[in-house]
$ cat final-v1.csv   # CSV, C-alpha atoms
chain,number,residue,atom,x,y,z
A,1,MET,CA,-16.7,-2.3,2.3
A,2,GLY,CA,-14.5,-2.0,-0.8
A,3,TRP,CA,-10.7,-1.4,-0.7
A,4,GLU,CA,-9.2,0.2,2.4
A,5,HIS,CA,-6.0,2.3,2.2
A,6,VAL,CA,-3.4,1.6,4.9
A,7,ARG,CA,-0.1,3.2,3.8
A,8,THR,CA,1.5,4.6,0.6
A,9,ASP,CA,5.2,4.2,-0.2
A,10,LEU,CA,6.9,6.0,-3.1
A,11,LEU,CA,9.0,3.5,-5.1
A,12,HIS,CA,10.2,5.8,-7.8
A,13,GLU,CA,10.0,9.5,-8.6
A,14,GLY,CA,10.8,10.4,-12.2
A,15,PRO,CA,10.5,13.6,-14.2
A,16,PHE,CA,7.1,12.6,-15.7
A,17,LEU,CA,6.0,9.5,-13.8
A,18,SER,CA,6.0,8.4,-10.2
A,19,LEU,CA,5.4,4.8,-8.9
A,20,TYR,CA,3.7,4.0,-5.6
A,21,ARG,CA,3.0,0.9,-3.7
A,22,ASP,CA,0.2,1.0,-1.2
A,23,LYS,CA,-0.6,-1.4,1.6
A,24,VAL,CA,-4.3,-2.1,1.4
A,25,ILE,CA,-7.1,-4.2,2.8
A,26,ARG,CA,-8.8,-5.9,-0.2
A,27,PRO,CA,-12.6,-6.1,-0.6
A,28,ASP,CA,-12.5,-9.7,0.7
A,29,GLY,CA,-10.9,-8.4,3.9
A,30,ARG,CA,-7.4,-9.8,3.2
A,31,PRO,CA,-4.3,-7.6,3.3
A,32,GLY,CA,-2.6,-6.8,0.0
A,33,THR,CA,-0.5,-4.4,-1.9
A,34,TYR,CA,-1.6,-2.1,-4.8
A,35,GLU,CA,0.9,-0.5,-7.1
A,36,HIS,CA,-0.1,2.5,-9.1
A,37,VAL,CA,1.5,5.4,-11.1
A,38,ALA,CA,1.0,9.1,-11.2
A,39,VAL,CA,1.3,11.0,-14.5
A,40,SER,CA,-0.1,14.4,-15.5
A,41,ASP,CA,-3.7,14.8,-16.3
A,42,GLY,CA,-4.3,15.3,-20.0
A,43,VAL,CA,-6.5,17.4,-22.3
A,44,ARG,CA,-7.8,16.7,-25.9
A,45,VAL,CA,-9.6,19.3,-28.0
A,46,VAL,CA,-12.0,18.8,-31.0
A,47,ALA,CA,-11.5,22.2,-32.7
A,48,VAL,CA,-14.3,22.6,-35.3
A,49,ASP,CA,-14.3,25.3,-38.0
A,50,GLN,CA,-17.2,26.7,-39.9
A,51,SER,CA,-17.1,24.0,-42.6
A,52,GLU,CA,-17.3,21.3,-39.9
A,53,CYS,CA,-13.6,20.4,-40.3
A,54,VAL,CA,-11.6,19.4,-37.3
A,55,ALA,CA,-7.9,19.8,-36.5
A,56,LEU,CA,-5.9,16.6,-36.3
A,57,VAL,CA,-2.2,16.4,-35.5
A,58,GLU,CA,0.3,13.7,-36.3
A,59,ASP,CA,3.6,13.2,-34.6
A,60,ASP,CA,6.2,10.7,-33.5
A,61,PHE,CA,5.3,8.6,-30.5
A,62,TYR,CA,8.1,6.8,-28.7
A,63,LEU,CA,6.4,3.7,-27.3
A,64,PRO,CA,4.7,2.5,-30.5
A,65,GLN,CA,7.7,3.7,-32.5
A,66,ARG,CA,5.5,5.2,-35.2
A,67,ARG,CA,3.7,8.4,-36.1
A,68,VAL,CA,0.3,8.7,-34.3
A,69,LEU,CA,-2.7,10.7,-35.5
A,70,HIS,CA,-4.7,12.3,-32.7
A,71,LEU,CA,-6.5,15.4,-31.5
A,72,PRO,CA,-4.5,18.4,-30.4
A,73,GLY,CA,-3.8,18.1,-26.6
A,74,GLY,CA,-1.3,16.8,-24.1
A,75,GLY,CA,-0.4,17.0,-20.5
A,76,ALA,CA,-2.2,19.7,-18.5
A,77,GLY,CA,1.1,20.4,-16.7
A,78,GLY,CA,-0.5,21.9,-13.6
A,79,GLN,CA,-2.8,24.3,-15.5
A,80,ALA,CA,-6.6,24.3,-15.3
A,81,PRO,CA,-7.9,21.9,-18.0
A,82,GLU,CA,-9.5,24.7,-19.9
A,83,GLU,CA,-6.3,26.8,-20.0
A,84,ALA,CA,-4.2,23.8,-20.9
A,85,ALA,CA,-6.7,22.9,-23.8
A,86,LEU,CA,-6.5,26.4,-25.3
A,87,ARG,CA,-2.7,26.5,-24.9
A,88,GLU,CA,-2.2,23.0,-26.5
A,89,LEU,CA,-4.6,23.9,-29.3
A,90,GLU,CA,-2.7,27.1,-30.2
A,91,GLU,CA,0.8,25.6,-29.7
A,92,GLU,CA,0.0,22.6,-31.9
A,93,THR,CA,-2.3,24.0,-34.6
A,94,GLY,CA,-1.8,27.7,-34.5
A,95,VAL,CA,-5.5,28.4,-33.9
A,96,VAL,CA,-7.2,30.2,-31.0
A,97,ALA,CA,-10.7,29.3,-30.0
A,98,SER,CA,-13.2,31.8,-28.6
A,99,GLU,CA,-15.6,29.1,-27.3
A,100,LEU,CA,-14.6,26.1,-25.3
A,101,ARG,CA,-17.3,23.5,-24.2
A,102,ALA,CA,-16.5,20.6,-21.9
A,103,LEU,CA,-17.5,17.3,-23.5
A,104,ALA,CA,-16.5,14.9,-20.7
A,105,VAL,CA,-13.7,13.8,-18.4
A,106,ILE,CA,-12.5,10.3,-18.9
A,107,ASP,CA,-10.4,7.9,-16.8
A,108,PRO,CA,-7.9,6.3,-19.2
A,109,LEU,CA,-6.7,3.5,-16.9
A,110,PRO,CA,-8.5,3.9,-13.6
A,111,ALA,CA,-7.0,0.7,-12.1
A,112,THR,CA,-3.4,1.9,-12.8
A,113,THR,CA,-3.5,5.7,-12.4
A,114,THR,CA,-5.8,8.5,-11.1
A,115,ALA,CA,-4.8,10.6,-14.1
A,116,ARG,CA,-7.8,11.9,-16.0
A,117,THR,CA,-8.2,13.3,-19.6
A,118,HIS,CA,-10.4,16.3,-20.1
A,119,LEU,CA,-12.2,16.5,-23.4
A,120,PHE,CA,-13.3,19.7,-25.0
A,121,LEU,CA,-15.1,21.1,-28.1
A,122,ALA,CA,-13.6,24.3,-29.4
A,123,THR,CA,-15.4,26.7,-31.8
A,124,GLY,CA,-15.1,30.3,-32.9
A,125,LEU,CA,-11.6,29.7,-34.3
A,126,ARG,CA,-9.1,32.3,-35.5
A,127,LEU,CA,-5.4,32.3,-36.3
A,128,GLY,CA,-2.9,32.5,-33.4
A,129,THR,CA,0.7,31.4,-33.1
A,130,MET,CA,2.1,27.9,-33.5
A,131,ARG,CA,4.8,27.1,-30.9
A,132,ARG,CA,5.8,23.5,-30.6
A,133,ASP,CA,8.0,22.1,-28.0
A,134,ASP,CA,11.4,20.3,-28.7
A,135,THR,CA,9.9,16.8,-28.9
A,136,GLU,CA,7.2,17.9,-31.3
A,137,ILE,CA,9.4,19.1,-34.2
A,138,GLY,CA,8.0,16.5,-36.6
A,139,MET,CA,4.4,17.3,-35.9
A,140,THR,CA,2.0,18.1,-38.8
A,141,VAL,CA,-1.6,19.4,-38.8
A,142,GLN,CA,-4.5,18.1,-40.9
A,143,TRP,CA,-7.9,19.7,-41.2
A,144,ARG,CA,-10.4,17.0,-42.0
A,145,THR,CA,-14.2,16.7,-42.0
A,146,LEU,CA,-15.7,15.4,-38.8
A,147,ASP,CA,-16.9,12.4,-40.9
A,148,TRP,CA,-13.4,11.7,-42.1
A,149,ALA,CA,-12.2,11.7,-38.5
A,150,LEU,CA,-15.0,9.4,-37.3
A,151,ALA,CA,-14.2,7.0,-40.1
A,152,ALA,CA,-10.6,7.1,-39.0
A,153,VAL,CA,-11.8,6.1,-35.4
A,154,GLU,CA,-13.9,3.3,-36.8
A,155,ASP,CA,-11.2,1.9,-39.0
A,156,GLY,CA,-8.3,2.1,-36.5
A,157,ARG,CA,-6.3,5.1,-37.8
A,158,ILE,CA,-7.2,7.0,-34.6
A,159,THR,CA,-6.8,5.0,-31.5
A,160,GLU,CA,-5.7,7.3,-28.6
A,161,ALA,CA,-8.5,7.0,-26.1
A,162,GLY,CA,-9.0,10.7,-25.5
A,163,SER,CA,-9.2,11.4,-29.2
A,164,VAL,CA,-11.6,8.5,-29.9
A,165,SER,CA,-13.9,9.5,-27.0
A,166,ALA,CA,-13.8,13.2,-27.8
A,167,LEU,CA,-14.6,12.8,-31.6
A,168,LEU,CA,-17.5,10.5,-30.9
A,169,LEU,CA,-18.9,12.8,-28.2
A,170,ALA,CA,-18.4,15.9,-30.4
A,171,GLU,CA,-20.4,14.2,-33.2
A,172,ARG,CA,-23.3,13.6,-30.7
A,173,ALA,CA,-23.1,17.2,-29.4
A,174,LEU,CA,-23.1,18.7,-32.9
A,175,ARG,CA,-25.9,16.4,-34.0
A,176,SER,CA,-28.1,17.5,-31.1
A,177,THR,CA,-27.2,21.2,-31.6
A,178,PRO,CA,-26.5,21.7,-35.3
A,179,GLY,CA,-24.4,24.8,-36.1
A,180,LEU,CA,-23.1,24.9,-32.5
B,1,MET,CA,13.6,10.7,-37.5
B,2,GLY,CA,11.4,10.4,-34.5
B,3,TRP,CA,12.5,8.8,-31.2
B,4,GLU,CA,15.3,6.4,-31.3
B,5,HIS,CA,15.6,3.6,-28.7
B,6,VAL,CA,19.1,3.0,-27.2
B,7,ARG,CA,18.6,0.8,-24.2
B,8,THR,CA,15.9,-0.4,-21.7
B,9,ASP,CA,16.5,-0.8,-18.0
B,10,LEU,CA,13.9,-2.5,-15.7
B,11,LEU,CA,13.4,-0.3,-12.6
B,12,HIS,CA,10.7,-2.3,-10.9
B,13,GLU,CA,8.8,-5.5,-11.5
B,14,GLY,CA,5.6,-5.9,-9.6
B,15,PRO,CA,2.8,-8.5,-9.8
B,16,PHE,CA,0.6,-6.4,-12.1
B,17,LEU,CA,2.9,-3.5,-13.2
B,18,SER,CA,6.5,-3.1,-14.3
B,19,LEU,CA,8.4,0.1,-14.7
B,20,TYR,CA,11.1,0.7,-17.3
B,21,ARG,CA,13.5,3.5,-18.1
B,22,ASP,CA,14.8,3.7,-21.6
B,23,LYS,CA,17.8,5.6,-22.9
B,24,VAL,CA,16.6,7.4,-26.1
B,25,ILE,CA,17.6,9.9,-28.7
B,26,ARG,CA,14.8,12.5,-28.8
B,27,PRO,CA,13.2,13.8,-32.1
B,28,ASP,CA,15.4,16.9,-31.8
B,29,GLY,CA,18.5,14.7,-31.8
B,30,ARG,CA,19.4,15.1,-28.1
B,31,PRO,CA,19.9,12.2,-25.7
B,32,GLY,CA,17.2,11.6,-23.1
B,33,THR,CA,15.4,9.1,-20.9
B,34,TYR,CA,11.9,7.9,-21.3
B,35,GLU,CA,10.1,6.1,-18.4
B,36,HIS,CA,7.1,3.9,-19.1
B,37,VAL,CA,5.1,1.1,-17.5
B,38,ALA,CA,3.8,-2.3,-18.6
B,39,VAL,CA,0.4,-3.5,-17.5
B,40,SER,CA,-1.9,-6.1,-19.0
B,41,ASP,CA,-3.9,-5.3,-22.1
B,42,GLY,CA,-7.6,-4.9,-21.4
B,43,VAL,CA,-11.0,-5.9,-22.8
B,44,ARG,CA,-14.4,-4.2,-22.6
B,45,VAL,CA,-17.7,-5.7,-23.9
B,46,VAL,CA,-21.0,-4.1,-24.9
B,47,ALA,CA,-23.3,-7.1,-24.5
B,48,VAL,CA,-26.7,-6.2,-26.1
B,49,ASP,CA,-29.8,-8.2,-25.6
B,50,GLN,CA,-32.9,-8.4,-27.9
B,51,SER,CA,-34.6,-5.4,-26.2
B,52,GLU,CA,-31.4,-3.3,-26.9
B,53,CYS,CA,-30.4,-3.4,-23.2
B,54,VAL,CA,-26.7,-3.5,-22.3
B,55,ALA,CA,-25.0,-5.1,-19.3
B,56,LEU,CA,-23.2,-2.6,-17.0
B,57,VAL,CA,-21.3,-3.6,-13.8
B,58,GLU,CA,-20.5,-1.6,-10.8
B,59,ASP,CA,-17.7,-2.4,-8.3
B,60,ASP,CA,-15.3,-0.9,-5.9
B,61,PHE,CA,-12.2,0.7,-7.4
B,62,TYR,CA,-9.3,1.3,-5.2
B,63,LEU,CA,-7.7,4.4,-6.7
B,64,PRO,CA,-10.8,6.6,-6.9
B,65,GLN,CA,-12.0,5.1,-3.6
B,66,ARG,CA,-15.5,4.7,-4.9
B,67,ARG,CA,-17.8,2.4,-6.8
B,68,VAL,CA,-17.3,2.7,-10.6
B,69,LEU,CA,-19.9,1.9,-13.2
B,70,HIS,CA,-18.4,0.4,-16.4
B,71,LEU,CA,-18.8,-2.3,-19.1
B,72,PRO,CA,-17.9,-5.9,-18.2
B,73,GLY,CA,-14.2,-6.5,-18.9
B,74,GLY,CA,-10.8,-6.4,-17.3
B,75,GLY,CA,-7.3,-7.6,-18.0
B,76,ALA,CA,-6.7,-10.0,-20.8
B,77,GLY,CA,-4.3,-11.9,-18.6
B,78,GLY,CA,-2.4,-13.5,-21.5
B,79,GLN,CA,-5.5,-14.7,-23.3
B,80,ALA,CA,-6.4,-13.7,-26.9
B,81,PRO,CA,-8.7,-10.6,-26.6
B,82,GLU,CA,-11.8,-12.5,-27.9
B,83,GLU,CA,-11.4,-15.3,-25.4
B,84,ALA,CA,-10.7,-12.8,-22.6
B,85,ALA,CA,-13.8,-10.7,-23.5
B,86,LEU,CA,-16.1,-13.8,-23.5
B,87,ARG,CA,-14.6,-15.0,-20.2
B,88,GLU,CA,-14.9,-11.6,-18.5
B,89,LEU,CA,-18.5,-11.2,-19.8
B,90,GLU,CA,-19.6,-14.6,-18.4
B,91,GLU,CA,-17.7,-14.2,-15.1
B,92,GLU,CA,-19.0,-10.7,-14.4
B,93,THR,CA,-22.6,-10.9,-15.7
B,94,GLY,CA,-23.4,-14.6,-16.0
B,95,VAL,CA,-24.2,-14.4,-19.7
B,96,VAL,CA,-22.6,-16.2,-22.7
B,97,ALA,CA,-22.5,-14.5,-26.1
B,98,SER,CA,-22.8,-16.5,-29.4
B,99,GLU,CA,-21.6,-13.5,-31.5
B,100,LEU,CA,-18.6,-11.3,-30.8
B,101,ARG,CA,-17.8,-8.4,-33.1
B,102,ALA,CA,-14.6,-6.2,-32.8
B,103,LEU,CA,-15.5,-2.5,-32.4
B,104,ALA,CA,-12.0,-1.1,-32.1
B,105,VAL,CA,-8.7,-1.3,-30.2
B,106,ILE,CA,-7.8,1.8,-28.3
B,107,ASP,CA,-4.6,3.1,-26.6
B,108,PRO,CA,-5.6,4.4,-23.2
B,109,LEU,CA,-2.3,6.2,-22.4
B,110,PRO,CA,0.0,5.8,-25.4
B,111,ALA,CA,2.8,8.0,-24.0
B,112,THR,CA,2.9,6.0,-20.7
B,113,THR,CA,2.2,2.4,-21.7
B,114,THR,CA,1.9,0.2,-24.7
B,115,ALA,CA,-1.1,-1.6,-23.1
B,116,ARG,CA,-4.1,-1.6,-25.4
B,117,THR,CA,-7.9,-2.1,-24.7
B,118,HIS,CA,-9.9,-4.3,-27.1
B,119,LEU,CA,-13.5,-3.3,-27.5
B,120,PHE,CA,-16.2,-5.7,-28.5
B,121,LEU,CA,-20.0,-5.9,-29.3
B,122,ALA,CA,-21.5,-9.1,-28.0
B,123,THR,CA,-24.9,-10.4,-29.2
B,124,GLY,CA,-26.8,-13.7,-29.2
B,125,LEU,CA,-26.9,-13.8,-25.3
B,126,ARG,CA,-27.9,-16.7,-23.2
B,127,LEU,CA,-27.4,-17.6,-19.5
B,128,GLY,CA,-24.1,-19.0,-18.4
B,129,THR,CA,-22.4,-19.1,-15.0
B,130,MET,CA,-21.3,-16.1,-12.9
B,131,ARG,CA,-17.8,-16.6,-11.3
B,132,ARG,CA,-16.3,-13.4,-9.8
B,133,ASP,CA,-12.8,-13.2,-8.4
B,134,ASP,CA,-11.9,-12.4,-4.8
B,135,THR,CA,-11.6,-8.6,-5.4
B,136,GLU,CA,-15.0,-8.4,-7.1
B,137,ILE,CA,-17.2,-9.7,-4.3
B,138,GLY,CA,-19.1,-6.3,-4.2
B,139,MET,CA,-19.8,-6.3,-8.0
B,140,THR,CA,-23.4,-5.7,-9.1
B,141,VAL,CA,-24.9,-6.0,-12.6
B,142,GLN,CA,-27.4,-3.6,-14.2
B,143,TRP,CA,-29.2,-4.1,-17.5
B,144,ARG,CA,-29.9,-0.7,-19.0
B,145,THR,CA,-31.1,0.6,-22.4
B,146,LEU,CA,-28.3,1.7,-24.7
B,147,ASP,CA,-29.8,5.2,-24.5
B,148,TRP,CA,-29.5,5.1,-20.7
B,149,ALA,CA,-25.8,4.1,-20.9
B,150,LEU,CA,-25.1,6.8,-23.5
B,151,ALA,CA,-26.7,9.4,-21.3
B,152,ALA,CA,-24.5,8.1,-18.5
B,153,VAL,CA,-21.5,8.7,-20.7
B,154,GLU,CA,-22.6,12.2,-21.5
B,155,ASP,CA,-23.4,13.2,-17.9
B,156,GLY,CA,-20.2,11.7,-16.4
B,157,ARG,CA,-21.6,8.6,-14.6
B,158,ILE,CA,-19.5,6.4,-16.9
B,159,THR,CA,-16.0,7.7,-17.4
B,160,GLU,CA,-13.7,4.6,-17.9
B,161,ALA,CA,-12.1,5.2,-21.3
B,162,GLY,CA,-12.8,1.7,-22.7
B,163,SER,CA,-16.5,1.8,-21.6
B,164,VAL,CA,-17.0,5.3,-23.0
B,165,SER,CA,-15.4,4.5,-26.4
B,166,ALA,CA,-17.1,1.1,-26.7
B,167,LEU,CA,-20.6,2.4,-25.9
B,168,LEU,CA,-20.3,5.3,-28.4
B,169,LEU,CA,-18.9,2.9,-31.1
B,170,ALA,CA,-21.7,0.4,-30.4
B,171,GLU,CA,-24.3,3.0,-30.9
B,172,ARG,CA,-22.9,3.9,-34.3
B,173,ALA,CA,-22.6,0.2,-35.3
B,174,LEU,CA,-26.2,-0.6,-34.2
B,175,ARG,CA,-27.4,2.6,-35.9
B,176,SER,CA,-25.8,1.6,-39.2
B,177,THR,CA,-26.9,-2.0,-38.9
B,178,PRO,CA,-30.2,-2.1,-37.0
B,179,GLY,CA,-31.1,-5.4,-35.4
B,180,LEU,CA,-27.5,-6.5,-35.6

$ encode --input "final-v1.csv" --output "structure tokens"
Amino acid sequence: MGWEHVRTDLLHEGPFLSLYRDKVIRPDGRPGTYEHVAVSDGVRVVAVDQSECVALVEDDFYLPQRRVLHLPGGGAGGQAPEEAALRELEEETGVVASELRALAVIDPLPATTTARTHLFLATGLRLGTMRRDDTEIGMTVQWRTLDWALAAVEDGRITEAGSVSALLLAERALRSTPGL
Amino acid sequence: MGWEHVRTDLLHEGPFLSLYRDKVIRPDGRPGTYEHVAVSDGVRVVAVDQSECVALVEDDFYLPQRRVLHLPGGGAGGQAPEEAALRELEEETGVVASELRALAVIDPLPATTTARTHLFLATGLRLGTMRRDDTEIGMTVQWRTLDWALAAVEDGRITEAGSVSALLLAERALRSTPGL
């Protein structure tokens, strides 16, 4: 059984976010409505150098009204996830990766949006060209040991879901394949 | 510097989701708009029994139009996160936990919503009373080893961000404090 889709109405179309209201038949057979939003898919990258340091970026987030520490990444903006990951990594940290390995694809809020976040492990790093967009002018980069970043996840300094998931998955991937 | 808030307008108020458009000053000093949504905070619980098995639930999700495997949990619905976690755990799996430990609080989509997901580790389990709501009539429970659940995270059978993060954090917590 499950949920049955009857009709979709667009309630609002904004530059980065659209809102829909669907008529549905609920799992208990009763008619209902289901509101949901469309936003861009996202990417997050754990870029690991030869001393097992990872790139973290910090910038100003509007909604929490504070600086947020997270992995390089952002909206895929219509690109393939792999391309978007390499582009965001270079734009935000100035490094280019020769190897990109998929860690996972997560659903940040699957009851609210179908947007997914693609998580990658990037290795084989060399210098490229930093190019930040206009809303990222306050962004700073930190290279930290993976252990530092994992401690930051555990003590609440890193909370963005894609960054949390990707760092924890990268630790498992690197532990099972040392020197990856 | 950062983003400056000027004014908030409510564009839509639905039963589970509200949409806002803010007038802002962007980090580059230019005026702009920022649209964001409000949804309930969430909770997810890793409930571990004495044989290191964890409770997983599977039910019908509307947006992906398929059954989704995830940790017990859901919307906090105005309750304190701890209360909501214990309530959802009992409603969905029929078990009551005597110990609840905070693992982390994550931000699923911090550029789109301020909603947070609270992650817990629950131990000291005993039988309680299952009570599902009307949209959860197709829900099933599975008790799986933690290793099974972690493999499911790594191979993409578990993708919901709170479940992914909580299972990976629980593994680290249990590894550092065996027999917790």

$ residues_around --input "final-v1.csv" --residues "region 6-9 of chain B" --least-positions-apart "4" --cutoff "10 Å" --atoms "all atoms listed in the file" --output "PyMOL selection string"
chain B and resi 19-25+31-35

$ residues_around --input "final-v1.csv" --residues "Gln65 (chain A)" --least-positions-apart "2" --cutoff "9 Å" --atoms "all atoms listed in the file" --output "PyMOL selection string"
(chain A and resi 60-63+67) or (chain B and resi 2-5)

$ atom_distance --input "final-v1.csv" --atom1 "CA of Leu121 (chain B)" --atom2 "CA of Arg101 (chain B)"
5.1 Å

$ interface_residues --input "final-v1.csv" --of "chain B" --to "chain A" --cutoff "8 Å" --atoms "only C-alpha atoms" --output "ChimeraX atom specification"
/B:2-4,14,16-17,26-28,35-36,60-66,103-114,134-138,153-156,159-162,164-165,168-169

$ atom_distance --input "final-v1.csv" --atom1 "CA of Val57 (chain A)" --atom2 "CA of Glu99 (chain A)"
20.2 Å

$ atom_distance --input "final-v1.csv" --atom1 "CA of Ala102 (chain A)" --atom2 "CA of Ala55 (chain A)"
17.0 Å

$ closest_residue --input "final-v1.csv" --among "B:Ser176, B:Thr123, B:Gln142, B:Ala151" --to "Glu52 (chain B)" --atoms "all atoms listed in the file"
B:Thr123

$ residues_near_point --input "final-v1.csv" --point "(-25.8, -12.6, -26.8)" --cutoff "7 Å" --atoms "all atoms listed in the file" --output "list in words"
Ala47, Val48, Asp49, Val96, Ala97, Ser98, Glu99, Ala122, Thr123, Gly124, Leu125 and Arg126 of chain B
